[in-house]
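J.: My structure is stored as protein.cif, with mmCIF, N, CA and C atoms.
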data_query
loop_
_atom_site.group_PDB
_atom_site.id
_atom_site.type_symbol
_atom_site.label_atom_id
_atom_site.label_comp_id
_atom_site.auth_asym_id
_atom_site.auth_seq_id
_atom_site.Cartn_x
_atom_site.Cartn_y
_atom_site.Cartn_z
ATOM 1 N N MET A 1 -13.940 10.965 -12.366
ATOM 2 C CA MET A 1 -12.838 10.043 -12.514
ATOM 3 C C MET A 1 -12.583 9.375 -11.162
ATOM 4 N N ASN A 2 -12.412 8.074 -11.182
ATOM 5 C CA ASN A 2 -12.144 7.311 -9.982
ATOM 6 C C ASN A 2 -10.668 7.450 -9.630
ATOM 7 N N THR A 3 -10.369 8.057 -8.482
ATOM 8 C CA THR A 3 -8.972 8.312 -8.130
ATOM 9 C C THR A 3 -8.227 7.032 -7.794
ATOM 10 N N GLU A 4 -8.926 6.028 -7.232
ATOM 11 C CA GLU A 4 -8.254 4.766 -6.908
ATOM 12 C C GLU A 4 -7.780 4.078 -8.181
ATOM 13 N N ASN A 5 -8.606 4.106 -9.219
ATOM 14 C CA ASN A 5 -8.238 3.507 -10.501
ATOM 15 C C ASN A 5 -7.079 4.271 -11.131
ATOM 16 N N PHE A 6 -7.107 5.591 -11.019
ATOM 17 C CA PHE A 6 -6.032 6.417 -11.563
ATOM 18 C C PHE A 6 -4.717 6.122 -10.858
ATOM 19 N N GLU A 7 -4.748 6.011 -9.519
ATOM 20 C CA GLU A 7 -3.534 5.730 -8.758
ATOM 21 C C GLU A 7 -2.984 4.364 -9.118
ATOM 22 N N SER A 8 -3.863 3.389 -9.318
ATOM 23 C CA SER A 8 -3.424 2.050 -9.687
ATOM 24 C C SER A 8 -2.744 2.064 -11.059
ATOM 25 N N LYS A 9 -3.345 2.757 -11.999
ATOM 26 C CA LYS A 9 -2.743 2.844 -13.335
ATOM 27 C C LYS A 9 -1.413 3.577 -13.292
ATOM 28 N N PHE A 10 -1.355 4.632 -12.493
ATOM 29 C CA PHE A 10 -0.106 5.386 -12.367
ATOM 30 C C PHE A 10 1.005 4.506 -11.819
ATOM 31 N N LEU A 11 0.701 3.701 -10.795
ATOM 32 C CA LEU A 11 1.714 2.829 -10.213
ATOM 33 C C LEU A 11 2.155 1.748 -11.187
ATOM 34 N N ILE A 12 1.234 1.231 -11.990
ATOM 35 C CA ILE A 12 1.582 0.223 -12.984
ATOM 36 C C ILE A 12 2.512 0.826 -14.031
ATOM 37 N N VAL A 13 2.190 2.024 -14.500
ATOM 38 C CA VAL A 13 3.042 2.699 -15.486
ATOM 39 C C VAL A 13 4.406 3.011 -14.878
ATOM 40 N N LEU A 14 4.413 3.449 -13.626
ATOM 41 C CA LEU A 14 5.674 3.747 -12.952
ATOM 42 C C LEU A 14 6.538 2.490 -12.818
ATOM 43 N N GLY A 15 5.937 1.375 -12.474
ATOM 44 C CA GLY A 15 6.671 0.116 -12.371
ATOM 45 C C GLY A 15 7.222 -0.329 -13.716
ATOM 46 N N GLY A 16 6.426 -0.193 -14.764
ATOM 47 C CA GLY A 16 6.899 -0.559 -16.103
ATOM 48 C C GLY A 16 8.028 0.334 -16.573
ATOM 49 N N PHE A 17 7.890 1.623 -16.323
ATOM 50 C CA PHE A 17 8.932 2.563 -16.733
ATOM 51 C C PHE A 17 10.241 2.295 -15.996
ATOM 52 N N SER A 18 10.149 2.073 -14.690
ATOM 53 C CA SER A 18 11.379 1.829 -13.932
ATOM 54 C C SER A 18 12.007 0.505 -14.333
ATOM 55 N N GLY A 19 11.218 -0.531 -14.611
ATOM 56 C CA GLY A 19 11.771 -1.798 -15.079
ATOM 57 C C GLY A 19 12.461 -1.646 -16.417
ATOM 58 N N PHE A 20 11.824 -0.917 -17.328
ATOM 59 C CA PHE A 20 12.423 -0.690 -18.644
ATOM 60 C C PHE A 20 13.724 0.084 -18.514
ATOM 61 N N THR A 21 13.695 1.155 -17.721
ATOM 62 C CA THR A 21 14.877 2.013 -17.573
ATOM 63 C C THR A 21 16.051 1.250 -16.970
ATOM 64 N N LEU A 22 15.786 0.503 -15.906
ATOM 65 C CA LEU A 22 16.868 -0.251 -15.268
ATOM 66 C C LEU A 22 17.460 -1.290 -16.207
ATOM 67 N N ALA A 23 16.607 -2.028 -16.906
ATOM 68 C CA ALA A 23 17.108 -3.062 -17.813
ATOM 69 C C ALA A 23 17.812 -2.448 -19.017
ATOM 70 N N PHE A 24 17.301 -1.331 -19.510
ATOM 71 C CA PHE A 24 17.910 -0.698 -20.679
ATOM 72 C C PHE A 24 19.324 -0.216 -20.362
ATOM 73 N N PHE A 25 19.436 0.574 -19.297
ATOM 74 C CA PHE A 25 20.756 1.106 -18.972
ATOM 75 C C PHE A 25 21.702 0.021 -18.468
ATOM 76 N N GLY A 26 21.162 -0.949 -17.750
ATOM 77 C CA GLY A 26 22.003 -2.067 -17.308
ATOM 78 C C GLY A 26 22.566 -2.846 -18.479
ATOM 79 N N GLY A 27 21.712 -3.173 -19.434
ATOM 80 C CA GLY A 27 22.167 -3.909 -20.616
ATOM 81 C C GLY A 27 23.066 -3.072 -21.504
ATOM 82 N N PHE A 28 22.786 -1.801 -21.598
ATOM 83 C CA PHE A 28 23.581 -0.917 -22.443
ATOM 84 C C PHE A 28 24.991 -0.748 -21.885
ATOM 85 N N PHE A 29 25.097 -0.568 -20.573
ATOM 86 C CA PHE A 29 26.415 -0.373 -19.972
ATOM 87 C C PHE A 29 27.233 -1.656 -19.912
ATOM 88 N N VAL A 30 26.569 -2.804 -19.920
ATOM 89 C CA VAL A 30 27.291 -4.075 -19.952
ATOM 90 C C VAL A 30 27.921 -4.288 -21.323
ATOM 91 N N GLY A 31 27.327 -3.706 -22.345
ATOM 92 C CA GLY A 31 27.889 -3.799 -23.683
ATOM 93 C C GLY A 31 27.097 -4.667 -24.635
ATOM 94 N N ASN A 32 25.857 -4.966 -24.301
ATOM 95 C CA ASN A 32 25.027 -5.758 -25.214
ATOM 96 C C ASN A 32 24.642 -4.916 -26.428
ATOM 97 N N ASP A 33 24.288 -5.613 -27.518
ATOM 98 C CA ASP A 33 23.850 -4.886 -28.708
ATOM 99 C C ASP A 33 22.427 -4.366 -28.496
ATOM 100 N N ILE A 34 22.050 -3.367 -29.292
ATOM 101 C CA ILE A 34 20.789 -2.635 -29.088
ATOM 102 C C ILE A 34 19.550 -3.535 -29.162
ATOM 103 N N PRO A 35 19.428 -4.446 -30.149
ATOM 104 C CA PRO A 35 18.217 -5.288 -30.164
ATOM 105 C C PRO A 35 18.066 -6.136 -28.893
ATOM 106 N N THR A 36 19.163 -6.649 -28.390
ATOM 107 C CA THR A 36 19.103 -7.447 -27.161
ATOM 108 C C THR A 36 18.724 -6.570 -25.973
ATOM 109 N N VAL A 37 19.283 -5.380 -25.925
ATOM 110 C CA VAL A 37 18.974 -4.453 -24.838
ATOM 111 C C VAL A 37 17.496 -4.091 -24.868
ATOM 112 N N LEU A 38 16.967 -3.790 -26.042
ATOM 113 C CA LEU A 38 15.549 -3.420 -26.155
ATOM 114 C C LEU A 38 14.623 -4.587 -25.823
ATOM 115 N N ARG A 39 14.990 -5.794 -26.252
ATOM 116 C CA ARG A 39 14.176 -6.967 -25.933
ATOM 117 C C ARG A 39 14.132 -7.190 -24.428
ATOM 118 N N ASN A 40 15.301 -7.157 -23.791
ATOM 119 C CA ASN A 40 15.360 -7.365 -22.343
ATOM 120 C C ASN A 40 14.637 -6.246 -21.592
ATOM 121 N N ALA A 41 14.776 -5.028 -22.067
ATOM 122 C CA ALA A 41 14.108 -3.902 -21.415
ATOM 123 C C ALA A 41 12.593 -4.009 -21.571
ATOM 124 N N SER A 42 12.124 -4.488 -22.706
ATOM 125 C CA SER A 42 10.677 -4.656 -22.903
ATOM 126 C C SER A 42 10.119 -5.720 -21.966
ATOM 127 N N ILE A 43 10.849 -6.802 -21.815
ATOM 128 C CA ILE A 43 10.419 -7.854 -20.887
ATOM 129 C C ILE A 43 10.417 -7.323 -19.461
ATOM 130 N N ALA A 44 11.454 -6.571 -19.114
ATOM 131 C CA ALA A 44 11.536 -5.993 -17.770
ATOM 132 C C ALA A 44 10.419 -4.979 -17.529
ATOM 133 N N CYS A 45 9.982 -4.318 -18.581
ATOM 134 C CA CYS A 45 8.873 -3.365 -18.459
ATOM 135 C C CYS A 45 7.604 -4.094 -18.018
ATOM 136 N N VAL A 46 7.296 -5.200 -18.658
ATOM 137 C CA VAL A 46 6.093 -5.960 -18.325
ATOM 138 C C VAL A 46 6.210 -6.555 -16.918
ATOM 139 N N VAL A 47 7.375 -7.117 -16.621
ATOM 140 C CA VAL A 47 7.589 -7.709 -15.294
ATOM 141 C C VAL A 47 7.495 -6.637 -14.210
ATOM 142 N N GLY A 48 8.106 -5.489 -14.443
ATOM 143 C CA GLY A 48 8.052 -4.399 -13.474
ATOM 144 C C GLY A 48 6.634 -3.915 -13.234
ATOM 145 N N ALA A 49 5.846 -3.849 -14.297
ATOM 146 C CA ALA A 49 4.448 -3.408 -14.155
ATOM 147 C C ALA A 49 3.649 -4.384 -13.301
ATOM 148 N N PHE A 50 3.793 -5.682 -13.558
ATOM 149 C CA PHE A 50 3.063 -6.673 -12.770
ATOM 150 C C PHE A 50 3.526 -6.703 -11.316
ATOM 151 N N LEU A 51 4.831 -6.582 -11.106
ATOM 152 C CA LEU A 51 5.337 -6.563 -9.739
ATOM 153 C C LEU A 51 4.824 -5.343 -8.982
ATOM 154 N N MET A 52 4.835 -4.197 -9.624
ATOM 155 C CA MET A 52 4.355 -2.976 -8.966
ATOM 156 C C MET A 52 2.867 -3.082 -8.663
ATOM 157 N N LYS A 53 2.104 -3.691 -9.564
ATOM 158 C CA LYS A 53 0.672 -3.868 -9.316
ATOM 159 C C LYS A 53 0.449 -4.749 -8.096
ATOM 160 N N GLY A 54 1.166 -5.847 -8.020
ATOM 161 C CA GLY A 54 1.026 -6.745 -6.875
ATOM 162 C C GLY A 54 1.466 -6.107 -5.574
ATOM 163 N N PHE A 55 2.610 -5.433 -5.587
ATOM 164 C CA PHE A 55 3.108 -4.789 -4.373
ATOM 165 C C PHE A 55 2.194 -3.658 -3.921
ATOM 166 N N SER A 56 1.652 -2.905 -4.867
ATOM 167 C CA SER A 56 0.771 -1.799 -4.482
ATOM 168 C C SER A 56 -0.528 -2.327 -3.884
ATOM 169 N N GLN A 57 -1.065 -3.411 -4.439
ATOM 170 C CA GLN A 57 -2.282 -3.988 -3.873
ATOM 171 C C GLN A 57 -2.023 -4.532 -2.476
ATOM 172 N N LEU A 58 -0.865 -5.157 -2.290
ATOM 173 C CA LEU A 58 -0.495 -5.673 -0.977
ATOM 174 C C LEU A 58 -0.334 -4.530 0.023
ATOM 175 N N LEU A 59 0.335 -3.484 -0.393
ATOM 176 C CA LEU A 59 0.558 -2.337 0.479
ATOM 177 C C LEU A 59 -0.761 -1.671 0.864
ATOM 178 N N ILE A 60 -1.639 -1.470 -0.099
ATOM 179 C CA ILE A 60 -2.923 -0.827 0.169
ATOM 180 C C ILE A 60 -3.774 -1.674 1.108
ATOM 181 N N SER A 61 -3.779 -2.992 0.900
ATOM 182 C CA SER A 61 -4.573 -3.855 1.781
ATOM 183 C C SER A 61 -4.034 -3.825 3.205
ATOM 184 N N GLN A 62 -2.718 -3.772 3.368
ATOM 185 C CA GLN A 62 -2.138 -3.718 4.710
ATOM 186 C C GLN A 62 -2.435 -2.379 5.392
ATOM 187 N N ILE A 63 -2.404 -1.310 4.640
ATOM 188 C CA ILE A 63 -2.733 0.008 5.204
ATOM 189 C C ILE A 63 -4.190 0.042 5.645
ATOM 190 N N LEU A 64 -5.091 -0.489 4.828
ATOM 191 C CA LEU A 64 -6.506 -0.520 5.199
ATOM 192 C C LEU A 64 -6.742 -1.390 6.425
ATOM 193 N N GLN A 65 -6.049 -2.516 6.509
ATOM 194 C CA GLN A 65 -6.195 -3.395 7.661
ATOM 195 C C GLN A 65 -5.703 -2.706 8.938
ATOM 196 N N ALA A 66 -4.588 -2.014 8.856
ATOM 197 C CA ALA A 66 -4.070 -1.291 10.019
ATOM 198 C C ALA A 66 -5.029 -0.181 10.437
ATOM 199 N N SER A 67 -5.616 0.503 9.481
ATOM 200 C CA SER A 67 -6.565 1.566 9.777
ATOM 201 C C SER A 67 -7.805 1.012 10.480
ATOM 202 N N ARG A 68 -8.328 -0.099 9.965
ATOM 203 C CA ARG A 68 -9.486 -0.723 10.599
ATOM 204 C C ARG A 68 -9.168 -1.174 12.025
ATOM 205 N N SER A 69 -7.990 -1.721 12.212
ATOM 206 C CA SER A 69 -7.583 -2.187 13.532
ATOM 207 C C SER A 69 -7.504 -1.019 14.521
ATOM 208 N N LYS A 70 -6.941 0.100 14.090
ATOM 209 C CA LYS A 70 -6.858 1.276 14.969
ATOM 210 C C LYS A 70 -8.244 1.804 15.315
ATOM 211 N N GLN A 71 -9.151 1.792 14.344
ATOM 212 C CA GLN A 71 -10.512 2.256 14.606
ATOM 213 C C GLN A 71 -11.203 1.357 15.618
ATOM 214 N N GLN A 72 -11.025 0.043 15.479
ATOM 215 C CA GLN A 72 -11.641 -0.888 16.418
ATOM 216 C C GLN A 72 -11.073 -0.702 17.819
ATOM 217 N N GLN A 73 -9.756 -0.506 17.910
ATOM 218 C CA GLN A 73 -9.144 -0.291 19.225
ATOM 219 C C GLN A 73 -9.658 0.996 19.862
ATOM 220 N N ALA A 74 -9.829 2.034 19.065
ATOM 221 C CA ALA A 74 -10.342 3.303 19.583
ATOM 222 C C ALA A 74 -11.778 3.140 20.070
ATOM 223 N N GLN A 75 -12.588 2.375 19.358
ATOM 224 C CA GLN A 75 -13.967 2.138 19.791
ATOM 225 C C GLN A 75 -14.005 1.357 21.103
ATOM 226 N N ILE A 76 -13.152 0.339 21.214
ATOM 227 C CA ILE A 76 -13.111 -0.458 22.447
ATOM 228 C C ILE A 76 -12.668 0.409 23.614
ATOM 229 N N ARG A 77 -11.651 1.247 23.391
ATOM 230 C CA ARG A 77 -11.162 2.138 24.436
ATOM 231 C C ARG A 77 -12.255 3.117 24.880
ATOM 232 N N ALA A 78 -13.002 3.642 23.911
ATOM 233 C CA ALA A 78 -14.081 4.585 24.234
ATOM 234 C C ALA A 78 -15.176 3.886 25.035
ATOM 235 N N GLN A 79 -15.494 2.655 24.695
ATOM 236 C CA GLN A 79 -16.516 1.907 25.431
ATOM 237 C C GLN A 79 -16.051 1.621 26.860
ATOM 238 N N GLU A 80 -14.765 1.271 27.004
ATOM 239 C CA GLU A 80 -14.231 1.004 28.336
ATOM 240 C C GLU A 80 -14.241 2.268 29.200
ATOM 241 N N GLU A 81 -13.883 3.394 28.616
ATOM 242 C CA GLU A 81 -13.895 4.656 29.355
ATOM 243 C C GLU A 81 -15.317 5.040 29.764
ATOM 244 N N ALA A 82 -16.267 4.826 28.869
ATOM 245 C CA ALA A 82 -17.660 5.140 29.186
ATOM 246 C C ALA A 82 -18.163 4.242 30.308
ATOM 247 N N ALA A 83 -17.773 2.965 30.274
ATOM 248 C CA ALA A 83 -18.189 2.050 31.337
ATOM 249 C C ALA A 83 -17.551 2.443 32.661
ATOM 250 N N ALA A 84 -16.290 2.864 32.624
ATOM 251 C CA ALA A 84 -15.607 3.280 33.852
ATOM 252 C C ALA A 84 -16.253 4.547 34.421
ATOM 253 N N GLN A 85 -16.613 5.488 33.577
ATOM 254 C CA GLN A 85 -17.262 6.718 34.033
ATOM 255 C C GLN A 85 -18.642 6.418 34.609
ATOM 256 N N GLU A 86 -19.331 5.475 33.984
ATOM 257 C CA GLU A 86 -20.652 5.089 34.465
ATOM 258 C C GLU A 86 -20.551 4.443 35.846
ATOM 259 N N LYS A 87 -19.559 3.589 36.005
ATOM 260 C CA LYS A 87 -19.354 2.920 37.289
ATOM 261 C C LYS A 87 -18.975 3.935 38.358
ATOM 262 N N GLU A 88 -18.125 4.887 38.004
ATOM 263 C CA GLU A 88 -17.723 5.939 38.953
ATOM 264 C C GLU A 88 -18.919 6.795 39.352
ATOM 265 N N ALA A 89 -19.766 7.094 38.382
ATOM 266 C CA ALA A 89 -20.960 7.899 38.676
ATOM 267 C C ALA A 89 -21.897 7.138 39.590
ATOM 268 N N GLU A 90 -22.010 5.834 39.432
ATOM 269 C CA GLU A 90 -22.866 5.015 40.283
ATOM 270 C C GLU A 90 -22.329 4.985 41.714
ATOM 271 N N THR A 91 -21.000 4.876 41.837
ATOM 272 C CA THR A 91 -20.431 4.803 43.197
ATOM 273 C C THR A 91 -20.525 6.139 43.906
ATOM 274 N N THR A 92 -20.436 7.242 43.206
ATOM 275 C CA THR A 92 -20.543 8.555 43.860
ATOM 276 C C THR A 92 -21.998 8.894 44.205
ATOM 277 N N ASN A 93 -22.941 8.370 43.484
ATOM 278 C CA ASN A 93 -24.347 8.635 43.729
ATOM 279 C C ASN A 93 -24.989 7.607 44.643
ATOM 280 N N ALA A 94 -24.273 6.547 44.964
ATOM 281 C CA ALA A 94 -24.856 5.491 45.815
ATOM 282 C C ALA A 94 -24.971 6.005 47.254
ATOM 283 N N PRO A 95 -26.088 5.654 47.932
ATOM 284 C CA PRO A 95 -26.269 6.071 49.344
ATOM 285 C C PRO A 95 -25.324 5.301 50.251
ATOM 286 N N ASN A 96 -24.834 5.960 51.279
ATOM 287 C CA ASN A 96 -23.915 5.314 52.231
ATOM 288 C C ASN A 96 -24.631 4.764 53.408
#
Would you mind giving the structure from this file in structure tokens?

T.:
Amino acid sequence: MNTENFESKFLIVLGGFSGFTLAFFGGFFVGNDIPTVLRNASIACVVGAFLMKGFSQLLISQILQASRSKQQQAQIRAQEEAAAQEKEAETTNAPN
């Protein structure tokens, strides 16, 4: 089973459930009749699912970009340190 696909589906379901729940209880406590509450909650379910899908993809892409950036910075730092050590070794071994 692909865990990335599972996580994506889980987030979509979570977004739909939270959209439905918020719209259902919001409409119910305002005093709307049940068919209107269910219609609005169903629409909110679909909207919540799409919003969660978009936000999760955005969040994941930003996390991956930050991770790549940190790796590149670490590689550059390691190269600079190696060059500095090499230069130091050359100066200590150079004849006076």

J.: In Å, rounded to a single decimal, give me how far atom CA of A:Ser8 is from atom C of A:Leu64.

T.: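 Result for atom C of A:Leu64 versus atom CA of A:Ser8: 16.8 Å, one decimal.
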
J.: I would like the residues chosen by the PyMOL selection byres ((chain A and resi 37) around 8) on the shown file; could you give them as a VMD selection string?

T.: chain A and resid 23 to 28 31 to 36 38 to 43

J.: May I have the selected residues written with N, CA and C atoms, as an mmCIF file, keeping the file's coordinate frame?

T.:
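result_5.cif, freshly written:
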data_model
loop_
_atom_site.group_PDB
_atom_site.id
_atom_site.type_symbol
_atom_site.label_atom_id
_atom_site.label_comp_id
_atom_site.auth_asym_id
_atom_site.auth_seq_id
_atom_site.Cartn_x
_atom_site.Cartn_y
_atom_site.Cartn_z
ATOM 1 N N ALA A 23 16.607 -2.028 -16.906
ATOM 2 C CA ALA A 23 17.108 -3.062 -17.813
ATOM 3 C C ALA A 23 17.812 -2.448 -19.017
ATOM 4 N N PHE A 24 17.301 -1.331 -19.510
ATOM 5 C CA PHE A 24 17.910 -0.698 -20.679
ATOM 6 C C PHE A 24 19.324 -0.216 -20.362
ATOM 7 N N PHE A 25 19.436 0.574 -19.297
ATOM 8 C CA PHE A 25 20.756 1.106 -18.972
ATOM 9 C C PHE A 25 21.702 0.021 -18.468
ATOM 10 N N GLY A 26 21.162 -0.949 -17.750
ATOM 11 C CA GLY A 26 22.003 -2.067 -17.308
ATOM 12 C C GLY A 26 22.566 -2.846 -18.479
ATOM 13 N N GLY A 27 21.712 -3.173 -19.434
ATOM 14 C CA GLY A 27 22.167 -3.909 -20.616
ATOM 15 C C GLY A 27 23.066 -3.072 -21.504
ATOM 16 N N PHE A 28 22.786 -1.801 -21.598
ATOM 17 C CA PHE A 28 23.581 -0.917 -22.443
ATOM 18 C C PHE A 28 24.991 -0.748 -21.885
ATOM 19 N N GLY A 31 27.327 -3.706 -22.345
ATOM 20 C CA GLY A 31 27.889 -3.799 -23.683
ATOM 21 C C GLY A 31 27.097 -4.667 -24.635
ATOM 22 N N ASN A 32 25.857 -4.966 -24.301
ATOM 23 C CA ASN A 32 25.027 -5.758 -25.214
ATOM 24 C C ASN A 32 24.642 -4.916 -26.428
ATOM 25 N N ASP A 33 24.288 -5.613 -27.518
ATOM 26 C CA ASP A 33 23.850 -4.886 -28.708
ATOM 27 C C ASP A 33 22.427 -4.366 -28.496
ATOM 28 N N ILE A 34 22.050 -3.367 -29.292
ATOM 29 C CA ILE A 34 20.789 -2.635 -29.088
ATOM 30 C C ILE A 34 19.550 -3.535 -29.162
ATOM 31 N N PRO A 35 19.428 -4.446 -30.149
ATOM 32 C CA PRO A 35 18.217 -5.288 -30.164
ATOM 33 C C PRO A 35 18.066 -6.136 -28.893
ATOM 34 N N THR A 36 19.163 -6.649 -28.390
ATOM 35 C CA THR A 36 19.103 -7.447 -27.161
ATOM 36 C C THR A 36 18.724 -6.570 -25.973
ATOM 37 N N LEU A 38 16.967 -3.790 -26.042
ATOM 38 C CA LEU A 38 15.549 -3.420 -26.155
ATOM 39 C C LEU A 38 14.623 -4.587 -25.823
ATOM 40 N N ARG A 39 14.990 -5.794 -26.252
ATOM 41 C CA ARG A 39 14.176 -6.967 -25.933
ATOM 42 C C ARG A 39 14.132 -7.190 -24.428
ATOM 43 N N ASN A 40 15.301 -7.157 -23.791
ATOM 44 C CA ASN A 40 15.360 -7.365 -22.343
ATOM 45 C C ASN A 40 14.637 -6.246 -21.592
ATOM 46 N N ALA A 41 14.776 -5.028 -22.067
ATOM 47 C CA ALA A 41 14.108 -3.902 -21.415
ATOM 48 C C ALA A 41 12.593 -4.009 -21.571
ATOM 49 N N SER A 42 12.124 -4.488 -22.706
ATOM 50 C CA SER A 42 10.677 -4.656 -22.903
ATOM 51 C C SER A 42 10.119 -5.720 -21.966
ATOM 52 N N ILE A 43 10.849 -6.802 -21.815
ATOM 53 C CA ILE A 43 10.419 -7.854 -20.887
ATOM 54 C C ILE A 43 10.417 -7.323 -19.461
#

J.: Please identify all polymer residues within 7 Å of stretch 14-18 of chain A, counting all atoms listed in the file, omitting same-chain residues fewer than 5 positions from it, and present them as a list of chain:residue names.

T.: A:Lys9, A:Ala23, A:Ala44, A:Cys45, A:Val46, A:Val47, A:Gly48, A:Ala49, A:Phe50, A:Leu51, A:Met52, A:Lys53

J.: Since we have the selection now, will you write its residues out, keeping N, CA and C atoms, as a PDB file, in the coordinates of the input?

T.:
ATOM      1  N   LYS A   9      -3.345   2.757 -11.999  1.00  0.00           N
ATOM      2  CA  LYS A   9      -2.743   2.844 -13.335  1.00  0.00           C
ATOM      3  C   LYS A   9      -1.413   3.577 -13.292  1.00  0.00           C
ATOM      4  N   ALA A  23      16.607  -2.028 -16.906  1.00  0.00           N
ATOM      5  CA  ALA A  23      17.108  -3.062 -17.813  1.00  0.00           C
ATOM      6  C   ALA A  23      17.812  -2.448 -19.017  1.00  0.00           C
ATOM      7  N   ALA A  44      11.454  -6.571 -19.114  1.00  0.00           N
ATOM      8  CA  ALA A  44      11.536  -5.993 -17.770  1.00  0.00           C
ATOM      9  C   ALA A  44      10.419  -4.979 -17.529  1.00  0.00           C
ATOM     10  N   CYS A  45       9.982  -4.318 -18.581  1.00  0.00           N
ATOM     11  CA  CYS A  45       8.873  -3.365 -18.459  1.00  0.00           C
ATOM     12  C   CYS A  45       7.604  -4.094 -18.018  1.00  0.00           C
ATOM     13  N   VAL A  46       7.296  -5.200 -18.658  1.00  0.00           N
ATOM     14  CA  VAL A  46       6.093  -5.960 -18.325  1.00  0.00           C
ATOM     15  C   VAL A  46       6.210  -6.555 -16.918  1.00  0.00           C
ATOM     16  N   VAL A  47       7.375  -7.117 -16.621  1.00  0.00           N
ATOM     17  CA  VAL A  47       7.589  -7.709 -15.294  1.00  0.00           C
ATOM     18  C   VAL A  47       7.495  -6.637 -14.210  1.00  0.00           C
ATOM     19  N   GLY A  48       8.106  -5.489 -14.443  1.00  0.00           N
ATOM     20  CA  GLY A  48       8.052  -4.399 -13.474  1.00  0.00           C
ATOM     21  C   GLY A  48       6.634  -3.915 -13.234  1.00  0.00           C
ATOM     22  N   ALA A  49       5.846  -3.849 -14.297  1.00  0.00           N
ATOM     23  CA  ALA A  49       4.448  -3.408 -14.155  1.00  0.00           C
ATOM     24  C   ALA A  49       3.649  -4.384 -13.301  1.00  0.00           C
ATOM     25  N   PHE A  50       3.793  -5.682 -13.558  1.00  0.00           N
ATOM     26  CA  PHE A  50       3.063  -6.673 -12.770  1.00  0.00           C
ATOM     27  C   PHE A  50       3.526  -6.703 -11.316  1.00  0.00           C
ATOM     28  N   LEU A  51       4.831  -6.582 -11.106  1.00  0.00           N
ATOM     29  CA  LEU A  51       5.337  -6.563  -9.739  1.00  0.00           C
ATOM     30  C   LEU A  51       4.824  -5.343  -8.982  1.00  0.00           C
ATOM     31  N   MET A  52       4.835  -4.197  -9.624  1.00  0.00           N
ATOM     32  CA  MET A  52       4.355  -2.976  -8.966  1.00  0.00           C
ATOM     33  C   MET A  52       2.867  -3.082  -8.663  1.00  0.00           C
ATOM     34  N   LYS A  53       2.104  -3.691  -9.564  1.00  0.00           N
ATOM     35  CA  LYS A  53       0.672  -3.868  -9.316  1.00  0.00           C
ATOM     36  C   LYS A  53       0.449  -4.749  -8.096  1.00  0.00           C
TER      37      LYS A  53
END

J.: Given only C-alpha atoms as the basis, pick out the residue of A:Gln85, A:Ser67, A:Gln57, A:Phe20 nearest to A:Asn5.

T.: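 Looking only at the distances to A:Asn5, the closest residue turns out to be A:Gln57.
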
J.: Quick one: distance from atom CA of A:Phe29 to atom C of A:Ile12 in Å, one decimal?

T.: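 Computing it gives 24.7 Å between the two atoms.
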
J.: Report, in Å to a single decimal, how far apart atom CA of A:Ser56 and atom CA of A:Phe10 are.

T.: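 Computed distance, atom CA of A:Phe10 to atom CA of A:Ser56, equals 10.7 Å.
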
J.: Adding 5 Å on each side of the box along x, y and z that holds all listed atoms of stretch 36-40 of chain A, could you give its centre and edge lengths in Å to one decimal, as JSON?

T.:
{"center_x": 16.7, "center_y": -5.4, "center_z": -25.0, "size_x": 15.2, "size_y": 14.0, "size_z": 16.8}
